[in-house]
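**Student:** Please see the structure below; I have some questions.
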Amino acid sequence: MRAYQQNLSSLFLAFVKNADVRNDILKWIGDCLVENRGKNKEWSSHNPLTAYLFVSDGFLLNLNLVLLNLARPFAEPYSPKLLKINPIYAITQNENVHLRDLHKDTPMIVRNDENVKEKNDQTAFNFITEIFFMSHLSYTSSVYRLHRMLLKINEELSQVQQAYQEASKLNGPNDENVQRLEQAMEKGLTAFLNIKTVLNEPFLLELSNALFTASCSWLVYLASLPEEVDSEETMKMIRQLPLATKPNRQLSYIPEFIIENITDYLTFLGRFNVQLFESLSSVNEYVTLVLVFMGDASRLRNPHLRAALAEAFEAILPNKQHGGGRTLNRLDRREKLVAKVTDIYLNFAQRDEFFAAVCNDGMSYNEQLFPQAVEVLERIGHPRERIDAFLKLSEHIKIIAAQQKEDDVAYDDAPDEYLDPITSTLMMDPVMLPSSRQIVDRGTIARHLLSDQTDPFNRNPLRMQDVIPQLELKQAIEQWKSSRQRPQS
């Protein structure tokens, strides 16, 4: 298979090296990707005509591998060749752009659509720029789509298996419905294993990692540029966070799907190939990307993408229950990783809601881990003022956690309509889910959407921006809480 993919890539490389046909090849690739973008839409999985309207998944996967191979010469973190990528390509609308309609994609930050000059720029873009954006779009149309399909099949398999077990107990293994469920389960399992095997192909993962680590360093470079500066002569690693300058306007040219591809790759590895993290030479580029964008709405406005970065970061971190202790011992500069994690906490420490959120989320807060982190920081000679700030933060979180335990006791007799139906805890910010009309706490549904973008009550598609705030209920809960508070002595 690898020999076939390399031969196919060599064929395309020969084409693009020929100046007489390069333009035609790039136009064909661009048209192919644009015309098949509909395959990635939600409706396509339910449309029986999809197989006739679009090319096959195998075709898009092979095209993705070809483009990843073409990107390999510049797909290296902090490579000088990355400076040749022109961000204006994504918003330019003329015959020099072979990948049409990128300007219609949602950008990382709000774009000034009045700037017509850059849209109609007649610049002829270089090969590196074209391949960079084409590689990312092909990943979105192939690997990203198959990962979503894999998760959906996994969920459906769980439901069919449960139905099969219940039907077998009631009717026995020879029942017609039980046998039909067994066949559906075998068919679903076959599809699941096929897709999982394809997505775990080592060559695909290797090339994807090369592109994404390079993309991380390039995005961080753009984020660190002063507001009106288009480029600098070299790409430098960031030395201090948070970034003090205003966002560079070029971030408004970059489509969100580039960040989505990176988070998708990391979450896939976290779910289906944890061992690969042991073989990666470094995760520094991924960690830096998270540090720069996750807590900065001015550089990445979509809250769901910032939440996806948090999920991706969780995939990078070792998990002792799954042998993560061994992974941590093999990571280069593991102490510096701890320092970066503590910096994430400190960057969010200016927000009051952060403290309550940490205490409410068992994945983020473990009281015993704070002194262990301080020991590591002191051992590696982390700046004293940062260590003291982290100690102060940990003490503050401990106080908030103790207060919340007292509140839980005081509010344990709350009316049912004030309780979140999923967690059975008092809601702080109730919202209604548009399709099921169920009312849940905003924090609960936000955590749910990190891993499953559906309504938990009816499985319909759901986005965080679609939930409906319940202001009257929130006010009623606040009044009830006030009536339950003990007077200060």
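Identifiers in this document derive from the order of the structure tokens: chains are assigned A, B, ..., residues are numbered from 1 separately in each chain, and ligands are numbered from 1 in order of occurrence.
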Can you tell me, as a VMD selection string, what residues are no more than 7 Å from stretch 255-258 of chain A when counting only C-alpha atoms, ignoring any on the same chain fewer than 4 positions away?

**Tutor:** chain A and resid 105 to 108 136 262

**Student:** What's around stretch 17-26 of chain A at 12 Å? Count only C-alpha atoms, leave out sequence neighbours fewer than 2 positions away in its own chain, and write the answer as a PyMOL selection string.

**Tutor:** chain A and resi 10-15+28-33+67+70+95-100+124-131+133-135

**Student:** So which one's closest to A:His382, A:Leu450, A:Val66, A:Ala339, A:Leu193? Using only C-alpha atoms, please.

**Tutor:** A:Ala339

**Student:** Of the candidates A:Thr245, A:Thr263, A:Ser158, A:Ser79, which one gets nearest to A:Ser217 if we count only C-alpha atoms?

**Tutor:** A:Ser79

**Student:** Skip stretch 291-305 of chain A itself and residues of its chain fewer than 6 positions away, then list as a ChimeraX atom specification all residues within 7 Å of it, counting only C-alpha atoms.

**Tutor:** /A:108-109,220,223,247,344,348

**Student:** Name the closest residue to A:Phe457 among the candidates A:Ala75, A:Val440, A:Leu8, A:Ala167; distances are taken between atoms, counting only C-alpha atoms.

**Tutor:** A:Val440

**Student:** Can you list, as a PyMOL selection string, every protein, DNA or RNA residue that comes within 9 Å of A:Leu204 when you count only C-alpha atoms, leaving out same-chain residues fewer than 4 positions away?

**Tutor:** chain A and resi 64-65+68+198-200+208-209

**Student:** Considering only C-alpha atoms, can you say which of A:Ala244, A:Ala308, A:Leu205, A:Val290 comes closest to A:Phe277?

**Tutor:**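 Selected residue with least distance to A:Phe277: A:Leu205.
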
**Student:** From the list A:Leu83, A:Val143, A:Leu102, A:Leu207, which residue is nearest A:Met235 when using only C-alpha atoms?

**Tutor:**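 Of A:Leu83, A:Val143, A:Leu102, A:Leu207, the one nearest A:Met235 is A:Leu83, counting only C-alpha atoms.
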
**Student:** Tell me which of A:Phe390, A:Phe192, A:Phe313, A:Tyr89 sits closest to A:Val374, counting only C-alpha atoms.

**Tutor:**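 Under the stated criterion, the closest residue is A:Phe390.
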
**Student:** Figure out the distance between atom CA of A:Val431 and atom CA of A:Pro469, please, to one decimal in Å.

**Tutor:**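 According to the coordinates, atom CA of A:Pro469 and atom CA of A:Val431 are separated by 4.3 Å.
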